[in-house]
$ cat start24.cif   # mmCIF, C-alpha atoms
data_start
loop_
_atom_site.group_PDB
_atom_site.id
_atom_site.type_symbol
_atom_site.label_atom_id
_atom_site.label_comp_id
_atom_site.auth_asym_id
_atom_site.auth_seq_id
_atom_site.Cartn_x
_atom_site.Cartn_y
_atom_site.Cartn_z
ATOM 1 C CA MET A 1 151.919 100.942 -5.218
ATOM 2 C CA GLN A 2 150.550 97.436 -5.213
ATOM 3 C CA LYS A 3 151.375 97.051 -1.494
ATOM 4 C CA LEU A 4 149.529 100.308 -0.698
ATOM 5 C CA PHE A 5 146.451 99.111 -2.615
ATOM 6 C CA PHE A 6 146.540 95.741 -0.836
ATOM 7 C CA ALA A 7 146.931 97.363 2.605
ATOM 8 C CA THR A 8 144.068 99.778 1.871
ATOM 9 C CA PHE A 9 141.846 96.914 0.675
ATOM 10 C CA ILE A 10 142.550 94.811 3.790
ATOM 11 C CA SER A 11 141.957 97.800 6.107
ATOM 12 C CA ALA A 12 138.668 98.665 4.428
ATOM 13 C CA SER A 13 137.515 95.019 4.605
ATOM 14 C CA LEU A 14 138.292 94.795 8.314
ATOM 15 C CA LEU A 15 136.576 98.104 8.998
ATOM 16 C CA LEU A 16 133.399 97.142 7.114
ATOM 17 C CA GLY A 17 133.394 93.640 8.585
ATOM 18 C CA GLY A 18 133.692 95.059 12.094
ATOM 19 C CA CYS A 19 130.626 97.242 11.596
ATOM 20 C CA THR A 20 128.361 94.197 11.488
ATOM 21 C CA ALA A 21 129.528 93.185 14.957
ATOM 22 C CA PHE A 22 127.726 96.219 16.404
ATOM 23 C CA LYS A 23 124.406 95.382 14.764
ATOM 24 C CA PRO A 24 121.930 93.835 17.252
ATOM 25 C CA GLU A 25 121.303 90.136 16.770
ATOM 26 C CA THR A 26 117.717 89.283 15.860
ATOM 27 C CA TYR A 27 116.045 85.888 15.685
ATOM 28 C CA ASN A 28 112.716 84.332 14.790
ATOM 29 C CA CYS A 29 110.501 83.997 17.859
ATOM 30 C CA ASP A 30 107.179 82.823 16.424
ATOM 31 C CA ASN A 31 107.037 80.291 19.278
ATOM 32 C CA ARG A 32 106.580 83.215 21.741
ATOM 33 C CA LEU A 33 103.419 84.455 19.975
ATOM 34 C CA THR A 34 99.924 82.980 20.232
ATOM 35 C CA ALA A 35 96.911 84.070 18.201
ATOM 36 C CA PRO A 36 93.930 82.040 19.521
ATOM 37 C CA ALA A 37 91.320 80.918 17.008
ATOM 38 C CA ASP A 38 88.545 82.678 18.967
ATOM 39 C CA GLY A 39 90.112 86.076 18.262
ATOM 40 C CA ALA A 40 91.435 85.420 14.776
ATOM 41 C CA ARG A 41 88.228 86.536 13.015
ATOM 42 C CA VAL A 42 85.829 89.378 13.877
ATOM 43 C CA THR A 43 82.975 91.373 12.421
ATOM 44 C CA LEU A 44 83.417 95.130 12.699
ATOM 45 C CA ARG A 45 81.696 98.267 11.475
ATOM 46 C CA THR A 46 83.066 100.758 8.954
ATOM 47 C CA LEU A 47 83.687 104.178 10.459
ATOM 48 C CA GLU A 48 81.498 106.467 8.359
ATOM 49 C CA THR A 49 78.745 104.222 7.037
ATOM 50 C CA GLY A 50 78.461 101.796 9.964
ATOM 51 C CA LYS A 51 78.163 98.836 7.618
ATOM 52 C CA THR A 52 79.817 95.557 8.517
ATOM 53 C CA ALA A 53 83.171 94.208 7.400
ATOM 54 C CA GLU A 54 84.930 90.968 8.274
ATOM 55 C CA ALA A 55 88.544 91.002 9.471
ATOM 56 C CA ARG A 56 90.816 88.048 10.133
ATOM 57 C CA PHE A 57 94.465 87.253 10.627
ATOM 58 C CA ASN A 58 96.066 86.104 7.407
ATOM 59 C CA GLY A 59 99.408 85.093 8.898
ATOM 60 C CA VAL A 60 101.613 86.377 11.683
ATOM 61 C CA SER A 61 105.410 86.436 11.934
ATOM 62 C CA THR A 62 107.849 87.776 14.499
ATOM 63 C CA VAL A 63 111.445 88.877 14.935
ATOM 64 C CA CYS A 64 112.958 89.321 18.394
ATOM 65 C CA GLU A 65 115.974 91.053 19.872
ATOM 66 C CA THR A 66 117.094 90.318 23.439
ATOM 67 C CA LYS A 67 117.993 93.354 25.552
ATOM 68 C CA ASP A 68 119.204 93.072 29.178
ATOM 69 C CA GLN A 69 116.128 91.646 30.994
ATOM 70 C CA THR A 70 113.586 92.062 28.173
ATOM 71 C CA ILE A 71 112.881 90.954 24.641
ATOM 72 C CA GLU A 72 111.729 93.367 21.952
ATOM 73 C CA MET A 73 109.303 91.562 19.649
ATOM 74 C CA ARG A 74 108.430 93.031 16.266
ATOM 75 C CA ILE A 75 105.237 91.515 14.891
ATOM 76 C CA LYS A 76 103.990 91.542 11.303
ATOM 77 C CA ALA A 77 100.307 90.677 11.427
ATOM 78 C CA GLY A 78 98.863 90.020 7.993
ATOM 79 C CA LEU A 79 95.169 90.845 7.815
ATOM 80 C CA THR A 80 92.335 90.190 5.403
ATOM 81 C CA VAL A 81 89.527 92.748 5.631
ATOM 82 C CA LYS A 82 86.454 92.100 3.481
ATOM 83 C CA ARG A 83 83.202 93.954 2.977
ATOM 84 C CA SER A 84 79.980 93.092 1.192
ATOM 85 C CA GLU A 85 79.639 93.354 -2.589
ATOM 86 C CA ALA A 86 76.544 95.505 -1.953
ATOM 87 C CA ASP A 87 78.764 98.256 -0.470
ATOM 88 C CA ILE A 88 81.279 98.269 -3.334
ATOM 89 C CA SER A 89 80.375 101.737 -4.650
ATOM 90 C CA GLU A 90 81.240 103.540 -1.387
ATOM 91 C CA VAL A 91 84.600 104.675 -0.067
ATOM 92 C CA ALA A 92 84.678 103.380 3.491
ATOM 93 C CA PRO A 93 87.384 103.640 6.160
ATOM 94 C CA ALA A 94 87.470 100.993 8.884
ATOM 95 C CA GLU A 95 89.492 100.369 12.000
ATOM 96 C CA VAL A 96 90.687 96.884 12.968
ATOM 97 C CA PRO A 97 91.205 96.713 16.765
ATOM 98 C CA ILE A 98 94.031 94.476 18.023
ATOM 99 C CA ILE A 99 94.430 93.438 21.662
ATOM 100 C CA ILE A 100 97.882 92.424 22.929
ATOM 101 C CA ALA A 101 98.526 90.586 26.208
ATOM 102 C CA VAL A 102 102.067 90.134 27.545
ATOM 103 C CA LEU A 103 102.628 87.133 29.822
ATOM 104 C CA ASP A 104 105.688 86.276 31.921
ATOM 105 C CA ASP A 105 107.374 82.861 32.086
ATOM 106 C CA GLN A 106 104.803 81.726 34.715
ATOM 107 C CA GLU A 107 101.842 82.651 32.450
ATOM 108 C CA ASN A 108 100.962 85.674 34.629
ATOM 109 C CA LEU A 109 99.635 88.751 32.880
ATOM 110 C CA VAL A 110 102.326 91.458 32.855
ATOM 111 C CA ARG A 111 100.295 94.009 30.887
ATOM 112 C CA ASN A 112 97.834 94.338 28.073
ATOM 113 C CA GLN A 113 97.380 96.983 25.447
ATOM 114 C CA SER A 114 94.957 97.851 22.728
ATOM 115 C CA THR A 115 95.826 99.297 19.368
ATOM 116 C CA SER A 116 94.115 99.502 16.013
ATOM 117 C CA TYR A 117 95.005 99.429 12.358
ATOM 118 C CA ARG A 118 93.162 101.728 9.975
ATOM 119 C CA VAL A 119 92.216 100.638 6.473
ATOM 120 C CA ALA A 120 90.152 102.284 3.740
ATOM 121 C CA PHE A 121 88.118 100.604 1.052
ATOM 122 C CA ASP A 122 88.254 102.501 -2.234
ATOM 123 C CA SER A 123 85.242 102.490 -4.494
ATOM 124 C CA GLY A 124 85.123 99.149 -6.299
ATOM 125 C CA VAL A 125 87.237 97.315 -3.699
ATOM 126 C CA THR A 126 85.787 94.596 -1.478
ATOM 127 C CA LYS A 127 88.917 92.984 -0.004
ATOM 128 C CA LEU A 128 92.138 94.396 1.482
ATOM 129 C CA TYR A 129 95.347 92.650 2.582
ATOM 130 C CA PRO A 130 97.177 95.063 4.916
ATOM 131 C CA VAL A 131 100.075 94.159 7.219
ATOM 132 C CA ALA A 132 100.038 95.676 10.712
ATOM 133 C CA ASN A 133 103.521 96.269 12.139
ATOM 134 C CA LEU A 134 103.478 96.041 15.931
ATOM 135 C CA SER A 135 106.204 96.189 18.556
ATOM 136 C CA VAL A 136 105.990 94.730 22.073
ATOM 137 C CA GLU A 137 108.446 94.432 24.934
ATOM 138 C CA LEU A 138 108.194 91.266 27.019
ATOM 139 C CA PRO A 139 110.160 89.681 29.850
ATOM 140 C CA VAL A 140 112.751 87.021 29.056
ATOM 141 C CA GLY A 141 110.894 83.686 29.014
ATOM 142 C CA GLY A 142 107.548 85.410 28.432
ATOM 143 C CA ARG A 143 105.175 85.323 25.508
ATOM 144 C CA VAL A 144 102.584 87.452 23.726
ATOM 145 C CA VAL A 145 98.941 86.706 22.909
ATOM 146 C CA ILE A 146 97.252 88.788 20.207
ATOM 147 C CA SER A 147 93.609 88.892 19.234
ATOM 148 C CA LEU A 148 91.291 90.913 17.029
ATOM 149 C CA ALA A 149 88.334 92.698 18.612
ATOM 150 C CA PRO A 150 85.037 93.905 17.075
ATOM 151 C CA GLN A 151 85.511 97.406 18.523
ATOM 152 C CA ILE A 152 88.246 99.506 20.055
ATOM 153 C CA VAL A 153 88.979 98.617 23.693
ATOM 154 C CA LYS A 154 90.206 101.501 25.840
#
$ encode --input "start24.cif" --output "structure tokens"
Amino acid sequence: MQKLFFATFISASLLLGGCTAFKPETYNCDNRLTAPADGARVTLRTLETGKTAEARFNGVSTVCETKDQTIEMRIKAGLTVKRSEADISEVAPAEVPIIIAVLDDQENLVRNQSTSYRVAFDSGVTKLYPVANLSVELPVGGRVVISLAPQIVK
């Protein structure tokens, strides 16, 4: 009985240990991401009231996974979005536009894209700290440049 238990335990350990070999390998690739100071802070307008709000990057981190001839980069872009104390009584949605440029290993533009992250100020709230989760595919050896924009770019 003890031999059967031992054999079952060893088999289960090998089986579970082998499962991790099929999981894709990810790594930190913060060195492949640039967020220039010029685009790290913007003034935007709230959607319904048209009043201003300030948005800025509050920290950016990345995780990459290499696939054949490309790299999949997952970006967590921490944001700080602040509105005026004078507007504190209103509920106000806002949209934070983000521009993404993908460059190859020769610094040539491969493509760019525009996305946005929606936030909503509740009554009594002047500052939000959302995290935008983005995903970008780039060529091996390439890099990504992200920037905030004052309005949505189409």
$ closest_atom_pairs --input "start24.cif" --of "region 43-110 of chain A" --to "region 142-149 of chain A" --cutoff "8 Å" --atoms "all atoms listed in the file" --output "tab-separated table"
residue	atom	partner	partner_atom	distance
A:Arg56	CA	A:Leu148	CA	7.5
A:Val96	CA	A:Leu148	CA	7.2
A:Pro97	CA	A:Ala149	CA	5.3
A:Ile98	CA	A:Leu148	CA	4.6
A:Ile99	CA	A:Ser147	CA	5.2
A:Ile100	CA	A:Ile146	CA	4.6
A:Ala101	CA	A:Val145	CA	5.1
A:Val102	CA	A:Val144	CA	4.7
A:Leu103	CA	A:Arg143	CA	5.3
A:Asp104	CA	A:Gly142	CA	4.0
A:Asp105	CA	A:Gly142	CA	4.5
A:Gln106	CA	A:Gly142	CA	7.8
A:Glu107	CA	A:Gly142	CA	7.5
$ resolve_selection --input "start24.cif" --expression "the PyMOL selection byres ((chain A and resi 59-75) around 7)" --output "list of chain:residue names"
A:Glu25, A:Thr26, A:Tyr27, A:Asn28, A:Cys29, A:Asp30, A:Phe57, A:Asn58, A:Lys76, A:Ala77, A:Gly78, A:Asn133, A:Leu134, A:Ser135, A:Val136, A:Glu137, A:Leu138, A:Pro139, A:Val140
$ residues_around --input "start24.cif" --residues "Glu95 (chain A)" --least-positions-apart "2" --cutoff "10 Å" --atoms "only C-alpha atoms" --output "ChimeraX atom specification"
/A:44-47,53,55,81,93,97-98,115-120,150-152
$ resolve_selection --input "start24.cif" --expression "the PyMOL selection byres ((chain A and resi 130) around 8)" --output "number ranges by chain"
A: 78-80, 119, 128-129, 131-132
$ write_last_selection --input "start24.cif" --atoms "C-alpha atoms" --output "compact mmCIF listing (two decimals), keeping the file's coordinate frame"
# COMPACT_ATOMS: atom_id res chain seq x y z
CA GLY A 78 98.86 90.02 7.99
CA LEU A 79 95.17 90.84 7.82
CA THR A 80 92.34 90.19 5.40
CA VAL A 119 92.22 100.64 6.47
CA LEU A 128 92.14 94.40 1.48
CA TYR A 129 95.35 92.65 2.58
CA VAL A 131 100.08 94.16 7.22
CA ALA A 132 100.04 95.68 10.71
$ atom_distance --input "start24.cif" --atom1 "CA of Ala92 (chain A)" --atom2 "CA of Gln113 (chain A)"
26.2 Å
$ atom_distance --input "start24.cif" --atom1 "CA of Lys82 (chain A)" --atom2 "CA of Glu54 (chain A)"
5.2 Å
$ resolve_selection --input "start24.cif" --expression "the PyMOL selection byres ((chain A and resi 85) around 12)" --output "list in words"
Lys51, Thr52, Ala53, Lys82, Arg83, Ser84, Ala86, Asp87, Ile88, Ser89, Glu90, Phe121, Ser123, Gly124, Val125, Thr126 and Lys127 of chain A
$ atom_distance --input "start24.cif" --atom1 "CA of Val153 (chain A)" --atom2 "CA of Asp38 (chain A)"
16.6 Å
